[in-house]
Amino acid sequence: MDVNLVKQTNLQTMTGFSAWKEDLDQEGTLKILVCGGGNGAHCMAALASSRPHVEVRVLTLYADEADRWTKALEEDDMTISITYSEDHVEDVKSRPSLVTKDPAKAAEGIHMIFFTVPAFAHAQYLKAIAPHILENTLLIGLPGQAGFEFQAVKAIGDKAKVCAVASFESLPWACRTMEFGRHVQLLGFKEALGAAILIGSKSNLTTHSLDVIQFIFGENPVFKVINNYVAINLMAKSIIHPPLMYGRWRGYNDEVLEAKPLFYQGVDDEQADLLSKVSDEVVKTAKVIQEKRPTVDMSAVIHILDWYREYYCHEITDHGCLKNAMQTNKAYDGLLHPMKEVSDGFVPDFNYRYIREDVPFGLVVMKGIAQIAEVDTPTIDTIITWAQKKLNKEFLVGKRLDGKDMEETRAPQVYGFKTIEDLFHI
Ligand code: NAI
């Protein structure tokens, strides 16, 4: 992606903008909708509102978030503290034009819809928004997490033909809400980020529509367009957490810990080996799909160590092996295991999104694609088998995704895809 795009002052001259040209107002304002009310939604709403020619609305359906955020905006604009380096943090003030729980108001005249919530909340937003989606709307999973396209295309039905669904492999930033509706910290940018776009056969949107997203986000991270959506489903970063959780807690016997252990930087040889094997199985799945369907490009699906070397190039001090890369990644400084506090210490939280989100909307989807490609995944199977017990669910039975709770996942099987050809004719 050309980073000079971010310096554009007239959006209407951008190729990626052509699908919306006719219905733009005189100033050429791009109207975007951010769905969600958490860290990522705060960051996206504040960052995009600070960009010229971009109007931002927020839809949050969760609890009383819309009212709380609206009230916070009555008192002042939002502040986003953007960390460019350790000694360079800039505070930027901006505000979305509307925060609401009303999907009709939120979606009126909107060009792009960003889904910036954990994957288990996507269904709720897709259902609410579907009746209000206009032709040539770009729906963006930010991040999509595995299976986003399957779910989005099904949810919007015939409108999928006149729209497009894009998906990012992760969130572009590490970010935390400091004060709800008011202050968000952008703690760091990823250096690069993959995005794929699935374009409906009757839509005017093109791959260049992603340029407009680069314009909204600014110079970092630099987007890499991934040629097909099946590859991006195998690139979701949900593969990282479950092997680390399994490696750390599989022998757990209800003991109470005095302190929360480091999550990434506490990785040992066994956890690193498990993650490496999961990644091997995913890369093998991509290779087999490529062999069976030589016209598609699956080369973006790379081993997790190579991904760390590329995406966290400057944050990692020791690139020698996966364990060292994770332990010396500055972006991971101080991040701890998800734990629940009890009277005399801490116990692991198996309901946290590292399992609750990253298994049904991550590993199970990848397993589903591997099953279609007829690739054996012994390490993924072991981890799903352990994790599903923690979630009190059944996805995997033996080596097959035949469990009674499969409908709660986004595996391709849930949407009726049985062959590799099916996957490419969504
Ligand atoms: P978050 O934990 O801040 O999201 C919480 C929000 O999700 C809530 O404020 C609410 O709006 C919504 N929500 C929660 N439970 C819900 C429910 N039961 N029903 C409906 N809505 C509900 O998540 P965050 O940090 O914004 O992350 C969004 C996505 O980005 C996740 O997939 C996460 O794994 C990913 N991500 C986040 C990073 C970060 O630095 N925050 C970094 C990399 C990825």
# chains A, B, ... in the order shown; residues from 1 in each chain; ligands from 1
$ select_by_dssp --residues "segment 138-348 of chain A" --states "helix (DSSP H, G or I)" --output "ChimeraX atom specification"
/A:148-162,209-217,229-235,237-239,241-249,269-292,304-311,322-327,330-332
$ select_by_dssp --residues "segment 246-413 of chain A" --states "strand (DSSP E)" --output "compact mmCIF listing (two decimals) with all heavy atoms, in the first residue's frame"
# COMPACT_ATOMS: atom_id res chain seq x y z
N MET A 339 -6.43 -13.55 34.71
CA MET A 339 -6.66 -14.23 35.99
C MET A 339 -7.82 -13.58 36.72
O MET A 339 -8.08 -12.39 36.55
CB MET A 339 -5.42 -14.09 36.90
CG MET A 339 -4.09 -14.48 36.28
SD MET A 339 -3.83 -16.23 36.08
CE MET A 339 -3.47 -16.77 37.73
N LYS A 340 -8.49 -14.38 37.55
CA LYS A 340 -9.55 -13.83 38.39
C LYS A 340 -9.00 -13.70 39.81
O LYS A 340 -8.27 -14.60 40.28
CB LYS A 340 -10.75 -14.78 38.41
CG LYS A 340 -11.47 -14.81 37.07
CD LYS A 340 -12.74 -15.64 37.13
CE LYS A 340 -12.43 -17.12 37.18
NZ LYS A 340 -13.55 -18.00 36.92
N GLU A 341 -9.37 -12.60 40.44
CA GLU A 341 -8.88 -12.40 41.81
C GLU A 341 -9.78 -13.17 42.77
O GLU A 341 -11.00 -13.11 42.67
CB GLU A 341 -8.91 -10.90 42.13
CG GLU A 341 -8.02 -10.58 43.28
CD GLU A 341 -7.74 -9.09 43.43
OE1 GLU A 341 -8.06 -8.31 42.50
OE2 GLU A 341 -7.21 -8.74 44.49
N VAL A 342 -9.16 -13.92 43.68
CA VAL A 342 -9.93 -14.58 44.75
C VAL A 342 -9.37 -14.07 46.07
O VAL A 342 -8.42 -13.30 46.08
CB VAL A 342 -9.83 -16.13 44.63
CG1 VAL A 342 -10.60 -16.62 43.42
CG2 VAL A 342 -8.38 -16.60 44.56
N GLY A 345 -5.50 -14.65 46.41
CA GLY A 345 -4.59 -14.58 45.26
C GLY A 345 -5.33 -14.59 43.93
O GLY A 345 -6.37 -13.93 43.80
N PHE A 346 -4.81 -15.36 42.97
CA PHE A 346 -5.37 -15.33 41.61
C PHE A 346 -5.53 -16.75 41.05
O PHE A 346 -4.70 -17.62 41.31
CB PHE A 346 -4.43 -14.55 40.67
CG PHE A 346 -4.21 -13.14 41.12
CD1 PHE A 346 -3.10 -12.81 41.90
CD2 PHE A 346 -5.10 -12.14 40.77
CE1 PHE A 346 -2.89 -11.51 42.32
CE2 PHE A 346 -4.91 -10.83 41.19
CZ PHE A 346 -3.79 -10.51 41.96
N VAL A 347 -6.60 -16.94 40.27
CA VAL A 347 -6.79 -18.21 39.56
C VAL A 347 -7.01 -17.90 38.07
O VAL A 347 -7.49 -16.81 37.73
CB VAL A 347 -8.01 -19.00 40.12
CG1 VAL A 347 -7.78 -19.43 41.55
CG2 VAL A 347 -9.30 -18.18 40.00
N PRO A 348 -6.65 -18.83 37.16
CA PRO A 348 -6.78 -18.53 35.73
C PRO A 348 -8.23 -18.31 35.32
O PRO A 348 -9.13 -18.97 35.84
CB PRO A 348 -6.20 -19.78 35.04
CG PRO A 348 -6.11 -20.83 36.10
CD PRO A 348 -6.06 -20.15 37.41
$ residues_near_ligand --ligand "ligand 1" --cutoff "6 Å" --atoms "only C-alpha atoms and all ligand atoms" --output "JSON, numbers by chain"
{"A": [36, 37, 38, 39, 40, 41, 60, 62, 116, 117, 118, 119, 121, 143, 170, 171, 173, 174, 175, 176]}
$ residues_around --residues "Asp64 of chain A" --least-positions-apart "2" --cutoff "12 Å" --atoms "only C-alpha atoms" --output "list in words"
Gly36, Gly37, Leu59, Thr60, Leu61, Tyr62, Ala66, Asp67, Arg68, Trp69, Thr70, Lys71, Val99, Thr100, Lys101, Phe180 and Gly181 of chain A
$ write_last_selection --atoms "N, CA and C atoms" --output "short mmCIF file (atom, residue, chain, number, x, y, z; two decimals), in the first residue's frame"
data_model
loop_
_atom_site.label_atom_id
_atom_site.label_comp_id
_atom_site.auth_asym_id
_atom_site.auth_seq_id
_atom_site.Cartn_x
_atom_site.Cartn_y
_atom_site.Cartn_z
N GLY A 36 -19.17 -0.91 18.32
CA GLY A 36 -18.50 -1.38 19.52
C GLY A 36 -18.30 -0.27 20.52
N GLY A 37 -17.87 -0.66 21.72
CA GLY A 37 -17.68 0.35 22.77
C GLY A 37 -16.47 0.05 23.63
N LEU A 59 -21.93 2.96 16.86
CA LEU A 59 -23.10 2.17 17.28
C LEU A 59 -22.64 1.22 18.37
N THR A 60 -23.19 1.36 19.57
CA THR A 60 -22.90 0.33 20.56
C THR A 60 -24.20 -0.19 21.14
N LEU A 61 -24.33 -1.50 21.10
CA LEU A 61 -25.57 -2.16 21.51
C LEU A 61 -25.44 -2.72 22.92
N TYR A 62 -24.28 -2.55 23.50
CA TYR A 62 -24.00 -3.26 24.76
C TYR A 62 -24.37 -2.39 25.96
N ALA A 66 -23.99 3.39 24.95
CA ALA A 66 -24.31 4.51 24.05
C ALA A 66 -24.65 5.76 24.88
N ASP A 67 -25.46 5.56 25.92
CA ASP A 67 -25.85 6.71 26.77
C ASP A 67 -24.64 7.28 27.49
N ARG A 68 -23.80 6.38 28.02
CA ARG A 68 -22.63 6.84 28.78
C ARG A 68 -21.66 7.61 27.89
N TRP A 69 -21.47 7.10 26.68
CA TRP A 69 -20.50 7.74 25.75
C TRP A 69 -21.05 9.11 25.31
N THR A 70 -22.38 9.14 25.01
CA THR A 70 -23.01 10.40 24.59
C THR A 70 -22.87 11.44 25.70
N LYS A 71 -23.09 11.00 26.94
CA LYS A 71 -23.00 11.92 28.08
C LYS A 71 -21.57 12.44 28.23
N VAL A 99 -23.12 9.05 18.83
CA VAL A 99 -22.98 7.72 19.44
C VAL A 99 -24.39 7.27 19.78
N THR A 100 -24.77 6.10 19.31
CA THR A 100 -26.17 5.69 19.45
C THR A 100 -26.28 4.18 19.60
N LYS A 101 -27.47 3.75 20.08
CA LYS A 101 -27.75 2.31 20.06
C LYS A 101 -28.81 2.01 18.99
N PHE A 180 -13.92 6.02 29.95
CA PHE A 180 -14.94 5.67 28.97
C PHE A 180 -15.50 6.90 28.24
N GLY A 181 -15.51 6.82 26.90
CA GLY A 181 -16.07 7.90 26.09
C GLY A 181 -15.20 9.14 26.02
#
$ residues_around --residues "segment 109-111 of chain A" --least-positions-apart "2" --cutoff "9 Å" --atoms "only C-alpha atoms" --output "ChimeraX atom specification"
/A:20,23,30-33,57,106-107,113,133-139
$ residues_around --residues "segment 85-95 of chain A" --least-positions-apart "3" --cutoff "12 Å" --atoms "only C-alpha atoms" --output "ChimeraX atom specification"
/A:42-52,54-58,69-70,72-82,98-99,181-189,314-315,330-331
$ residues_around --residues "segment 407-414 of chain A" --least-positions-apart "2" --cutoff "12 Å" --atoms "only C-alpha atoms" --output "JSON, numbers by chain"
{"A": [119, 120, 121, 122, 123, 144, 145, 146, 147, 148, 149, 150, 151, 152, 153, 154, 230, 233, 234, 356, 357, 358, 359, 360, 361, 362, 363, 364, 365, 366, 367, 368, 369, 370, 371, 372, 373, 388, 391, 393, 394, 395, 396, 400, 401, 402, 403, 404, 405, 416, 417, 418, 419, 420, 422, 423, 424, 426]}
$ residues_around --residues "Ala196 of chain A" --least-positions-apart "2" --cutoff "9 Å" --atoms "only C-alpha atoms" --output "PyMOL selection string"
chain A and resi 165-169+194+198+207+210+224-232
$ closest_residue --among "A:Ala259, A:Pro103, A:Thr206, A:Phe115" --to "His132 of chain A" --atoms "only C-alpha atoms"
A:Pro103
$ atom_distance --atom1 "atom CA of Gly251 of chain A" --atom2 "atom CA of Lys389 of chain A"
13.6 Å
